[in-house]
file my_file.pdb (PDB, C-alpha atoms)
ATOM      1  CA  MET A  50      -8.470 -63.624  22.448
ATOM      2  CA  LYS A  51      -6.272 -61.839  19.923
ATOM      3  CA  LYS A  52      -8.922 -61.167  17.309
ATOM      4  CA  PRO A  53     -11.526 -59.575  19.603
ATOM      5  CA  LEU A  54      -8.836 -57.383  21.131
ATOM      6  CA  LEU A  55      -7.676 -56.169  17.738
ATOM      7  CA  ILE A  56     -11.256 -55.539  16.640
ATOM      8  CA  ILE A  57     -11.935 -53.518  19.787
ATOM      9  CA  LEU A  58      -8.710 -51.604  19.215
ATOM     10  CA  PHE A  59      -9.652 -50.932  15.601
ATOM     11  CA  PHE A  60     -13.041 -49.545  16.608
ATOM     12  CA  LEU A  61     -11.413 -47.491  19.328
ATOM     13  CA  ILE A  62      -9.014 -45.892  16.831
ATOM     14  CA  ALA A  63     -11.763 -45.418  14.284
ATOM     15  CA  SER A  64     -14.045 -43.731  16.810
ATOM     16  CA  VAL A  65     -11.256 -41.383  17.969
ATOM     17  CA  LEU A  66     -10.438 -40.422  14.378
ATOM     18  CA  ILE A  67     -14.102 -39.823  13.552
ATOM     19  CA  ALA A  68     -14.527 -37.727  16.692
ATOM     20  CA  TYR A  69     -11.427 -35.692  15.899
ATOM     21  CA  SER A  70     -12.349 -35.084  12.262
ATOM     22  CA  THR A  71     -15.894 -34.144  13.277
ATOM     23  CA  SER A  72     -14.594 -31.636  15.815
ATOM     24  CA  ILE A  73     -12.357 -30.088  13.132
ATOM     25  CA  LEU A  74     -15.273 -29.911  10.711
ATOM     26  CA  LEU A  75     -17.586 -28.285  13.241
ATOM     27  CA  GLY A  76     -14.835 -25.964  14.424
ATOM     28  CA  GLU A  77     -14.411 -24.538  10.900
ATOM     29  CA  VAL A  78     -10.678 -24.812  11.098
ATOM     30  CA  ASN A  79      -9.227 -22.738   8.291
ATOM     31  CA  GLN A  80      -5.842 -21.714   9.539
ATOM     32  CA  LEU A  81      -3.172 -22.466  12.077
ATOM     33  CA  GLY A  82      -4.528 -22.260  15.553
ATOM     34  CA  GLY A  83      -7.941 -22.394  14.043
ATOM     35  CA  THR A  84      -9.646 -23.717  17.126
ATOM     36  CA  GLU A  85      -8.812 -20.412  18.787
ATOM     37  CA  LYS A  86     -10.793 -18.760  16.012
ATOM     38  CA  GLU A  87      -8.397 -15.878  15.732
ATOM     39  CA  ILE A  88      -7.566 -14.227  12.447
ATOM     40  CA  VAL A  89      -3.968 -14.005  11.303
ATOM     41  CA  ASN A  90      -2.983 -10.337  11.403
ATOM     42  CA  LYS A  91      -2.837  -8.664   8.042
ATOM     43  CA  TYR A  92      -1.399  -5.244   7.480
ATOM     44  CA  ASN A  93      -2.082  -2.469   5.048
ATOM     45  CA  ILE A  94       0.541   0.167   4.496
ATOM     46  CA  ARG A  95      -1.189   3.520   4.213
ATOM     47  CA  VAL A  96       0.669   6.350   2.547
ATOM     48  CA  ILE A  97      -1.188   9.505   3.424
ATOM     49  CA  SER A  98       1.018  11.999   1.665
ATOM     50  CA  ILE A  99       4.169  12.363  -0.368
ATOM     51  CA  SER A 100       5.912  15.584  -1.250
ATOM     52  CA  LEU A 101       8.922  16.261  -3.423
ATOM     53  CA  ASN A 102      11.359  19.052  -2.714
ATOM     54  CA  VAL A 103      13.118  20.476  -5.734
ATOM     55  CA  SER A 104      16.359  22.389  -6.210
ATOM     56  CA  LYS A 105      14.936  25.489  -7.889
ATOM     57  CA  ASN A 106      11.729  26.916  -9.234
ATOM     58  CA  ILE A 107      12.896  26.491 -12.792
ATOM     59  CA  PHE A 108      11.848  23.982 -15.404
ATOM     60  CA  LYS A 109      15.155  22.105 -15.425
ATOM     61  CA  ASN A 110      15.102  21.333 -11.741
ATOM     62  CA  GLN A 111      16.062  18.338  -9.660
ATOM     63  CA  ILE A 112      14.414  16.460  -6.850
ATOM     64  CA  THR A 113      16.522  16.956  -3.735
ATOM     65  CA  SER A 114      14.465  15.247  -1.059
ATOM     66  CA  ILE A 115      11.220  13.438  -0.433
ATOM     67  CA  ALA A 116       8.914  13.526   2.538
ATOM     68  CA  ILE A 117       6.270  10.915   3.182
ATOM     69  CA  SER A 118       3.599  10.382   5.753
ATOM     70  CA  VAL A 119       2.930   6.709   6.325
ATOM     71  CA  ALA A 120       0.726   4.598   8.587
ATOM     72  CA  SER A 121      -0.244   0.964   8.991
ATOM     73  CA  SER A 122      -3.546  -0.701   9.768
ATOM     74  CA  ASN A 123      -1.625  -3.103  12.012
ATOM     75  CA  PRO A 124       0.566  -1.197  14.504
ATOM     76  CA  GLY A 125       4.118  -2.424  14.849
ATOM     77  CA  TYR A 126       7.685  -1.960  13.742
ATOM     78  CA  TYR A 127       8.350  -1.838  10.030
ATOM     79  CA  ASN A 128      11.150  -1.221   7.599
ATOM     80  CA  VAL A 129       9.887   1.402   5.178
ATOM     81  CA  TYR A 130      11.291   1.808   1.678
ATOM     82  CA  ALA A 131      10.475   4.580  -0.790
ATOM     83  CA  THR A 132      11.700   4.260  -4.353
ATOM     84  CA  LEU A 133      11.735   7.405  -6.434
ATOM     85  CA  SER A 134      11.811   6.940 -10.209
ATOM     86  CA  SER A 135      12.132   9.842 -12.587
ATOM     87  CA  GLY A 136      13.248   9.140 -16.125
ATOM     88  CA  THR A 137      16.306   6.923 -15.886
ATOM     89  CA  CYS A 138      16.994   7.946 -12.313
ATOM     90  CA  SER A 139      15.979   5.645  -9.481
ATOM     91  CA  VAL A 140      16.743   6.177  -5.813
ATOM     92  CA  THR A 141      15.594   4.135  -2.840
ATOM     93  CA  ALA A 142      15.260   5.673   0.585
ATOM     94  CA  SER A 143      14.928   3.408   3.603
ATOM     95  CA  TRP A 144      13.865   3.859   7.178
ATOM     96  CA  ILE A 145      14.643   0.924   9.430
ATOM     97  CA  ASN A 146      12.656  -0.179  12.458
ATOM     98  CA  VAL A 147      10.041   2.534  12.309
ATOM     99  CA  TYR A 148       7.000   2.195  14.544
ATOM    100  CA  LEU A 149       3.881   2.623  12.454
ATOM    101  CA  SER A 150       0.371   2.896  13.787
ATOM    102  CA  THR A 151      -2.895   4.116  12.353
ATOM    103  CA  THR A 152      -1.654   7.644  13.043
ATOM    104  CA  PRO A 153       0.553   8.834  10.173
ATOM    105  CA  THR A 154       4.282   9.032  10.842
ATOM    106  CA  PRO A 155       6.291  11.648   8.918
ATOM    107  CA  LEU A 156       9.524  10.476   7.298
ATOM    108  CA  SER A 157      11.928  12.404   5.119
ATOM    109  CA  TYR A 158      14.977  11.577   3.063
ATOM    110  CA  THR A 159      17.561  13.750   1.349
ATOM    111  CA  LEU A 160      18.775  12.315  -1.937
ATOM    112  CA  GLN A 161      22.540  11.827  -2.094
ATOM    113  CA  SER A 162      22.436  11.953  -5.869
ATOM    114  CA  ARG A 163      19.716  14.198  -7.156
ATOM    115  CA  CYS A 164      17.231  13.132  -9.795
ATOM    116  CA  ASP A 165      16.129  15.344 -12.675
ATOM    117  CA  TYR A 166      12.441  16.119 -12.506
ATOM    118  CA  ASP A 167      11.435  15.971 -16.126
ATOM    119  CA  PRO A 168       8.122  15.463 -17.931
ATOM    120  CA  PRO A 169       6.022  13.372 -17.865
ATOM    121  CA  GLY A 170       6.793  13.136 -14.161
ATOM    122  CA  ALA A 171       8.039  10.986 -11.322
ATOM    123  CA  THR A 172       6.821   7.933  -9.459
ATOM    124  CA  VAL A 173       7.292   7.186  -5.781
ATOM    125  CA  LYS A 174       6.613   3.672  -4.538
ATOM    126  CA  VAL A 175       6.405   3.236  -0.793
ATOM    127  CA  ARG A 176       6.711  -0.255   0.693
ATOM    128  CA  GLY A 177       6.536  -1.433   4.286
ATOM    129  CA  VAL A 178       7.832  -4.736   5.645
ATOM    130  CA  PRO A 179       7.224  -5.863   9.243
ATOM    131  CA  VAL A 180      10.404  -6.192  11.282
TER     132      VAL A 180
ATOM    133  CA  MET B   6      -0.169 -68.636  22.707
ATOM    134  CA  LYS B   7       2.496 -66.871  24.772
ATOM    135  CA  ARG B   8       4.061 -65.484  21.576
ATOM    136  CA  GLY B   9       0.642 -64.270  20.454
ATOM    137  CA  ARG B  10       0.133 -62.360  23.683
ATOM    138  CA  ARG B  11       3.554 -60.755  23.373
ATOM    139  CA  LEU B  12       2.746 -59.638  19.861
ATOM    140  CA  THR B  13      -0.577 -58.182  20.957
ATOM    141  CA  PHE B  14       1.059 -56.410  23.879
ATOM    142  CA  PHE B  15       3.764 -55.016  21.585
ATOM    143  CA  LEU B  16       1.113 -53.859  19.107
ATOM    144  CA  ILE B  17      -0.914 -52.103  21.800
ATOM    145  CA  PHE B  18       2.180 -50.568  23.349
ATOM    146  CA  SER B  19       3.324 -49.273  19.948
ATOM    147  CA  LEU B  20      -0.091 -47.788  19.300
ATOM    148  CA  ILE B  21      -0.096 -46.053  22.690
ATOM    149  CA  ILE B  22       3.323 -44.522  21.967
ATOM    150  CA  LEU B  23       2.165 -43.478  18.499
ATOM    151  CA  PHE B  24      -0.978 -41.872  19.889
ATOM    152  CA  ALA B  25       1.048 -40.083  22.531
ATOM    153  CA  PHE B  26       3.207 -38.505  19.818
ATOM    154  CA  ILE B  27       0.204 -37.644  17.676
ATOM    155  CA  SER B  28      -1.507 -36.067  20.674
ATOM    156  CA  VAL B  29       1.528 -33.910  21.434
ATOM    157  CA  TYR B  30       1.843 -32.695  17.838
ATOM    158  CA  GLU B  31      -1.886 -32.130  17.593
ATOM    159  CA  ALA B  32      -1.898 -30.117  20.797
ATOM    160  CA  TYR B  33       1.031 -28.083  19.525
ATOM    161  CA  SER B  34      -0.570 -27.370  16.164
ATOM    162  CA  VAL B  35      -3.884 -26.423  17.709
ATOM    163  CA  TYR B  36      -2.625 -24.339  20.591
ATOM    164  CA  ILE B  37       0.254 -22.597  18.834
ATOM    165  CA  THR B  38      -0.247 -18.946  19.666
ATOM    166  CA  ILE B  39      -1.306 -16.842  16.751
ATOM    167  CA  SER B  40       0.881 -14.019  18.006
ATOM    168  CA  THR B  41       3.938 -15.932  16.886
ATOM    169  CA  VAL B  42       2.727 -15.740  13.305
ATOM    170  CA  GLU B  43       4.052 -12.620  11.576
ATOM    171  CA  PRO B  44       1.509 -10.260  10.055
ATOM    172  CA  LEU B  45       0.799 -11.063   6.458
ATOM    173  CA  PRO B  46       0.689  -8.307   3.860
ATOM    174  CA  PHE B  47      -2.666  -7.356   2.487
ATOM    175  CA  ARG B  48      -1.208  -4.263   0.901
ATOM    176  CA  SER B  49       2.457  -3.669   1.455
ATOM    177  CA  ASN B  50       2.985  -0.817  -0.993
ATOM    178  CA  ILE B  51       1.374   2.192  -2.641
ATOM    179  CA  GLN B  52       2.514   4.133  -5.676
ATOM    180  CA  TYR B  53       2.184   7.855  -6.232
ATOM    181  CA  TYR B  54       2.622   9.446  -9.606
ATOM    182  CA  PHE B  55       3.654  13.106  -9.880
ATOM    183  CA  SER B  56       2.876  14.824 -13.146
ATOM    184  CA  LYS B  57       4.958  17.466 -14.896
ATOM    185  CA  VAL B  58       3.990  19.254 -18.107
ATOM    186  CA  ARG B  59       5.447  21.925 -20.319
ATOM    187  CA  GLN B  60       4.050  23.803 -23.266
ATOM    188  CA  ALA B  61       6.809  26.382 -23.538
ATOM    189  CA  ALA B  62       9.880  27.565 -21.647
ATOM    190  CA  SER B  63       7.794  29.918 -19.572
ATOM    191  CA  ARG B  64       4.680  27.785 -19.484
ATOM    192  CA  TRP B  65       5.026  24.699 -17.378
ATOM    193  CA  ALA B  66       3.666  23.122 -14.227
ATOM    194  CA  GLU B  67       4.581  20.283 -11.913
ATOM    195  CA  VAL B  68       3.035  18.449  -8.986
ATOM    196  CA  ARG B  69       5.142  18.592  -5.852
ATOM    197  CA  GLY B  70       2.906  17.116  -3.235
ATOM    198  CA  ILE B  71      -0.151  14.908  -2.859
ATOM    199  CA  GLN B  72      -1.991  14.534   0.398
ATOM    200  CA  LEU B  73      -4.975  12.284   0.891
ATOM    201  CA  VAL B  74      -7.633  13.796   3.113
ATOM    202  CA  ILE B  75      -8.939  10.877   5.123
ATOM    203  CA  SER B  76     -11.644  10.442   7.675
ATOM    204  CA  GLY B  77     -11.098   7.135   9.436
ATOM    205  CA  SER B  78      -9.925   5.127   6.474
ATOM    206  CA  GLN B  79     -12.126   6.836   3.885
ATOM    207  CA  ILE B  80     -10.609   9.188   1.319
ATOM    208  CA  SER B  81     -12.943  12.024   0.476
ATOM    209  CA  SER B  82     -10.583  14.474  -1.179
ATOM    210  CA  VAL B  83      -6.983  15.128  -2.090
ATOM    211  CA  ASP B  84      -4.838  18.213  -1.585
ATOM    212  CA  VAL B  85      -2.444  18.694  -4.463
ATOM    213  CA  THR B  86       0.496  21.038  -4.066
ATOM    214  CA  TRP B  87       1.811  22.176  -7.423
ATOM    215  CA  TYR B  88       4.034  24.787  -8.937
ATOM    216  CA  ARG B  89       3.347  26.681 -12.121
ATOM    217  CA  THR B  90       5.083  29.206 -14.292
ATOM    218  CA  LEU B  91       2.746  30.848 -16.745
ATOM    219  CA  ASN B  92       3.599  33.823 -18.850
ATOM    220  CA  GLN B  93      -0.094  34.440 -19.352
ATOM    221  CA  ASP B  94      -3.336  33.313 -17.880
ATOM    222  CA  ARG B  95      -4.246  29.770 -18.778
ATOM    223  CA  TYR B  96      -6.800  27.209 -17.822
ATOM    224  CA  ILE B  97      -5.132  24.455 -15.871
ATOM    225  CA  THR B  98      -6.784  21.157 -15.048
ATOM    226  CA  ILE B  99      -5.516  19.115 -12.133
ATOM    227  CA  SER B 100      -6.776  15.544 -11.997
ATOM    228  CA  ILE B 101      -6.414  12.841  -9.407
ATOM    229  CA  THR B 102      -7.118   9.186 -10.103
ATOM    230  CA  LEU B 103      -7.106   6.395  -7.548
ATOM    231  CA  LYS B 104      -6.536   2.886  -8.863
ATOM    232  CA  ASP B 105      -6.805  -0.547  -7.314
ATOM    233  CA  ASP B 106      -4.473  -3.517  -7.693
ATOM    234  CA  SER B 107      -5.850  -4.443 -11.087
ATOM    235  CA  GLY B 108      -5.319  -0.920 -12.389
ATOM    236  CA  GLN B 109      -9.012  -0.105 -12.423
ATOM    237  CA  VAL B 110     -10.037   3.440 -11.535
ATOM    238  CA  ILE B 111     -11.927   3.317  -8.251
ATOM    239  CA  SER B 112     -12.211   7.055  -7.620
ATOM    240  CA  SER B 113     -11.307  10.284  -9.333
ATOM    241  CA  GLY B 114     -11.711  14.008  -9.278
ATOM    242  CA  GLN B 115     -10.507  17.090 -11.068
ATOM    243  CA  HIS B 116     -10.342  20.838 -10.779
ATOM    244  CA  THR B 117     -10.062  23.387 -13.564
ATOM    245  CA  ASP B 118      -9.378  27.046 -13.014
ATOM    246  CA  CYS B 119      -7.716  30.034 -14.606
ATOM    247  CA  TYR B 120      -4.193  30.697 -13.384
ATOM    248  CA  ASP B 121      -1.465  33.200 -14.116
ATOM    249  CA  GLY B 122       2.067  33.983 -12.964
ATOM    250  CA  SER B 123       4.376  31.757 -10.962
ATOM    251  CA  GLY B 124       4.245  30.151  -7.577
ATOM    252  CA  LEU B 125       3.309  27.241  -5.414
ATOM    253  CA  LEU B 126      -0.351  26.465  -4.873
ATOM    254  CA  THR B 127      -2.362  23.880  -2.996
ATOM    255  CA  THR B 128      -5.617  22.828  -4.602
ATOM    256  CA  GLY B 129      -8.241  20.670  -2.959
ATOM    257  CA  ILE B 130      -9.917  18.129  -5.198
ATOM    258  CA  ASP B 131     -13.054  16.266  -4.154
ATOM    259  CA  LEU B 132     -13.101  12.603  -5.064
ATOM    260  CA  SER B 133     -16.045  10.599  -6.226
ATOM    261  CA  PRO B 134     -16.857   8.058  -4.974
ATOM    262  CA  ILE B 135     -15.377   8.076  -1.478
ATOM    263  CA  VAL B 136     -13.137   5.022  -1.156
ATOM    264  CA  ASP B 137     -11.315   3.104   1.530
ATOM    265  CA  ILE B 138      -7.591   3.830   1.613
ATOM    266  CA  ASP B 139      -6.809   0.122   1.875
ATOM    267  CA  LYS B 140      -8.239  -0.423  -1.603
ATOM    268  CA  VAL B 141      -5.940   2.136  -3.190
ATOM    269  CA  ALA B 142      -2.822   0.772  -4.877
ATOM    270  CA  ARG B 143      -1.879   3.783  -6.985
ATOM    271  CA  VAL B 144      -2.506   7.512  -6.748
ATOM    272  CA  GLU B 145      -2.033   9.324 -10.043
ATOM    273  CA  SER B 146      -1.919  13.045 -10.567
ATOM    274  CA  SER B 147      -2.265  14.756 -13.891
ATOM    275  CA  LEU B 148      -1.764  18.352 -14.978
ATOM    276  CA  SER B 149      -2.835  19.831 -18.257
ATOM    277  CA  ILE B 150      -2.405  23.375 -19.475
ATOM    278  CA  GLY B 151      -5.327  24.471 -21.575
ATOM    279  CA  GLU B 152      -6.439  27.468 -23.589
ATOM    280  CA  ARG B 153      -5.965  31.051 -22.584
ATOM    281  CA  CYS B 154      -8.632  32.229 -20.232
ATOM    282  CA  ASP B 155      -9.507  35.294 -22.326
ATOM    283  CA  LEU B 156     -10.314  33.060 -25.280
ATOM    284  CA  LEU B 157     -13.260  31.922 -23.265
ATOM    285  CA  GLY B 158     -14.160  35.406 -22.152
ATOM    286  CA  MET B 159     -11.847  35.728 -19.173
ATOM    287  CA  GLY B 160      -8.670  37.710 -18.675
ATOM    288  CA  SER B 161      -6.956  39.828 -21.285
ATOM    289  CA  LEU B 162      -4.813  39.052 -24.305
ATOM    290  CA  ASP B 163      -1.158  38.941 -23.458
ATOM    291  CA  VAL B 164       1.187  40.320 -26.126
ATOM    292  CA  GLU B 165       3.932  37.974 -24.943
ATOM    293  CA  GLU B 166       1.866  35.059 -26.221
ATOM    294  CA  LEU B 167       2.107  36.360 -29.772
ATOM    295  CA  SER B 168       5.889  36.610 -29.663
ATOM    296  CA  GLY B 169       6.147  32.862 -29.074
ATOM    297  CA  GLU B 170       8.504  31.251 -26.666
ATOM    298  CA  GLU B 171       8.599  27.658 -27.725
ATOM    299  CA  LEU B 172      11.948  25.985 -27.263
TER     300      LEU B 172
END

call {"tool": "encode", "arguments": {"input": "my_file.pdb", "output": "structure tokens"}}
result
Amino acid sequence: MKKPLLIILFFLIASVLIAYSTSILLGEVNQLGGTEKEIVNKYNIRVISISLNVSKNIFKNQITSIAISVASSNPGYYNVYATLSSGTCSVTASWINVYLSTTPTPLSYTLQSRCDYDPPGATVKVRGVPV
Amino acid sequence: MKRGRRLTFFLIFSLIILFAFISVYEAYSVYITISTVEPLPFRSNIQYYFSKVRQAASRWAEVRGIQLVISGSQISSVDVTWYRTLNQDRYITISITLKDDSGQVISSGQHTDCYDGSGLLTTGIDLSPIVDIDKVARVESSLSIGERCDLLGMGSLDVEELSGEEL
């Protein structure tokens, strides 16, 4: 009585496991919620333009503010950071909880401590992190 | 015999409980809404490089603005806003290079023209090939001040050039 019952139970479990694994295989599960066949959202930060404002139209000038135009391929709220590096000077501007869509959003920042704009030039790195 | 039945019953009951738990967790893992998963970064940052050059105290130029001209997500050209101070006419070349994550050049373009005097200008530069903005990791600008225009048959010789103004 005990042995046949256990054998039946074993086959029952085995058949359920085989059915489940087959359904996963056929469903091409490759991520969480895979059976829904939805793709996990991925975002691209798109920086359309950056401009530097300088103190004077002379060679030994300083960068006083930056203006950027930024968008995202995945609309939503982001924290946006722009790091200006020029020579030894480095300043990070941040904009918190900014709604970004595929349409560019203008953002500007006035530097509290100005950076010299010397050759060979300056780098601005813009980063966006979803809120 | 009675003990055997109890054991079997306990075994089956345990398996039912176990399967109930597995079913709940399975259902949760399968039906978890994808909206609860935060967006993952494909590209979370872009770098822009602004060039500044000087040949002499009164002969220098700097990039002050770069704007990508996009149609959809395709970049076809770039508008570069730059300032120059030139005591005489000079050929100036403005170059734009777009690079991907590995630092490879994926598109570029340049414009050379004869300029004189001082002031802010915006120059449009066509890029080749047209690229998707999502592939661009770094936008680099480059300025170079070349020979006098009249040396190549344009403009006129400026006496100030002969006096020399190098710092």

call {"tool": "residues_around", "arguments": {"input": "my_file.pdb", "residues": "Lys140 in chain B", "least_positions_apart": "6", "cutoff": "12 Å", "atoms": "only C-alpha atoms", "output": "PDB file with C-alpha atoms, in the frame of the given file"}}
result
ATOM      1  CA  ASN A  93      -2.082  -2.469   5.048  1.00  0.00           C
ATOM      2  CA  ILE A  94       0.541   0.167   4.496  1.00  0.00           C
ATOM      3  CA  ARG A  95      -1.189   3.520   4.213  1.00  0.00           C
ATOM      4  CA  VAL A  96       0.669   6.350   2.547  1.00  0.00           C
TER       5      VAL A  96
ATOM      6  CA  PHE B  47      -2.666  -7.356   2.487  1.00  0.00           C
ATOM      7  CA  ARG B  48      -1.208  -4.263   0.901  1.00  0.00           C
ATOM      8  CA  SER B  49       2.457  -3.669   1.455  1.00  0.00           C
ATOM      9  CA  ASN B  50       2.985  -0.817  -0.993  1.00  0.00           C
ATOM     10  CA  ILE B  51       1.374   2.192  -2.641  1.00  0.00           C
ATOM     11  CA  SER B  78      -9.925   5.127   6.474  1.00  0.00           C
ATOM     12  CA  GLN B  79     -12.126   6.836   3.885  1.00  0.00           C
ATOM     13  CA  ILE B  80     -10.609   9.188   1.319  1.00  0.00           C
ATOM     14  CA  LEU B 103      -7.106   6.395  -7.548  1.00  0.00           C
ATOM     15  CA  LYS B 104      -6.536   2.886  -8.863  1.00  0.00           C
ATOM     16  CA  ASP B 105      -6.805  -0.547  -7.314  1.00  0.00           C
ATOM     17  CA  ASP B 106      -4.473  -3.517  -7.693  1.00  0.00           C
ATOM     18  CA  SER B 107      -5.850  -4.443 -11.087  1.00  0.00           C
ATOM     19  CA  GLY B 108      -5.319  -0.920 -12.389  1.00  0.00           C
ATOM     20  CA  GLN B 109      -9.012  -0.105 -12.423  1.00  0.00           C
ATOM     21  CA  VAL B 110     -10.037   3.440 -11.535  1.00  0.00           C
ATOM     22  CA  ILE B 111     -11.927   3.317  -8.251  1.00  0.00           C
ATOM     23  CA  SER B 112     -12.211   7.055  -7.620  1.00  0.00           C
TER      24      SER B 112
END

call {"tool": "resolve_selection", "arguments": {"input": "my_file.pdb", "expression": "the ChimeraX specification (/B :<6) & /A", "output": "ChimeraX atom specification"}}
result
/A:82,90-94,97-101,168-177

call {"tool": "atom_distance", "arguments": {"input": "my_file.pdb", "atom1": "CA of Asn146 in chain A", "atom2": "CA of Tyr130 in chain A"}}
result
11.0 Å

call {"tool": "closest_residue", "arguments": {"input": "my_file.pdb", "among": "B:Ser133, B:Cys154, B:Ser149, B:Ile99", "to": "Cys119 in chain B", "atoms": "all atoms listed in the file"}}
result
B:Cys154

call {"tool": "atom_distance", "arguments": {"input": "my_file.pdb", "atom1": "CA of Tyr166 in chain A", "atom2": "CA of Cys138 in chain A"}}
result
9.4 Å

call {"tool": "resolve_selection", "arguments": {"input": "my_file.pdb", "expression": "the PyMOL selection byres ((chain A and resi 124) around 6)", "output": "number ranges by chain"}}
result
A: 121, 123, 125, 149-150

call {"tool": "atom_distance", "arguments": {"input": "my_file.pdb", "atom1": "CA of Asp118 in chain B", "atom2": "CA of Gln93 in chain B"}}
result
13.5 Å

call {"tool": "closest_residue", "arguments": {"input": "my_file.pdb", "among": "A:Ser64, A:Gln161, A:Ser122, A:Asn128", "to": "Tyr148 in chain A", "atoms": "all atoms listed in the file"}}
result
A:Asn128

call {"tool": "residues_near_point", "arguments": {"input": "my_file.pdb", "point": "(4.6, 11.1, 4.5)", "cutoff": "6 Å", "atoms": "all atoms listed in the file", "output": "PDB file with C-alpha atoms, keeping the file's coordinate frame"}}
result
ATOM      1  CA  SER A  98       1.018  11.999   1.665  1.00  0.00           C
ATOM      2  CA  ILE A  99       4.169  12.363  -0.368  1.00  0.00           C
ATOM      3  CA  ALA A 116       8.914  13.526   2.538  1.00  0.00           C
ATOM      4  CA  ILE A 117       6.270  10.915   3.182  1.00  0.00           C
ATOM      5  CA  SER A 118       3.599  10.382   5.753  1.00  0.00           C
ATOM      6  CA  VAL A 119       2.930   6.709   6.325  1.00  0.00           C
ATOM      7  CA  PRO A 155       6.291  11.648   8.918  1.00  0.00           C
ATOM      8  CA  LEU A 156       9.524  10.476   7.298  1.00  0.00           C
TER       9      LEU A 156
END

call {"tool": "closest_residue", "arguments": {"input": "my_file.pdb", "among": "B:Ser81, B:Leu126, B:Leu132, B:Asp155", "to": "Ile101 in chain B", "atoms": "only C-alpha atoms"}}
result
B:Leu132
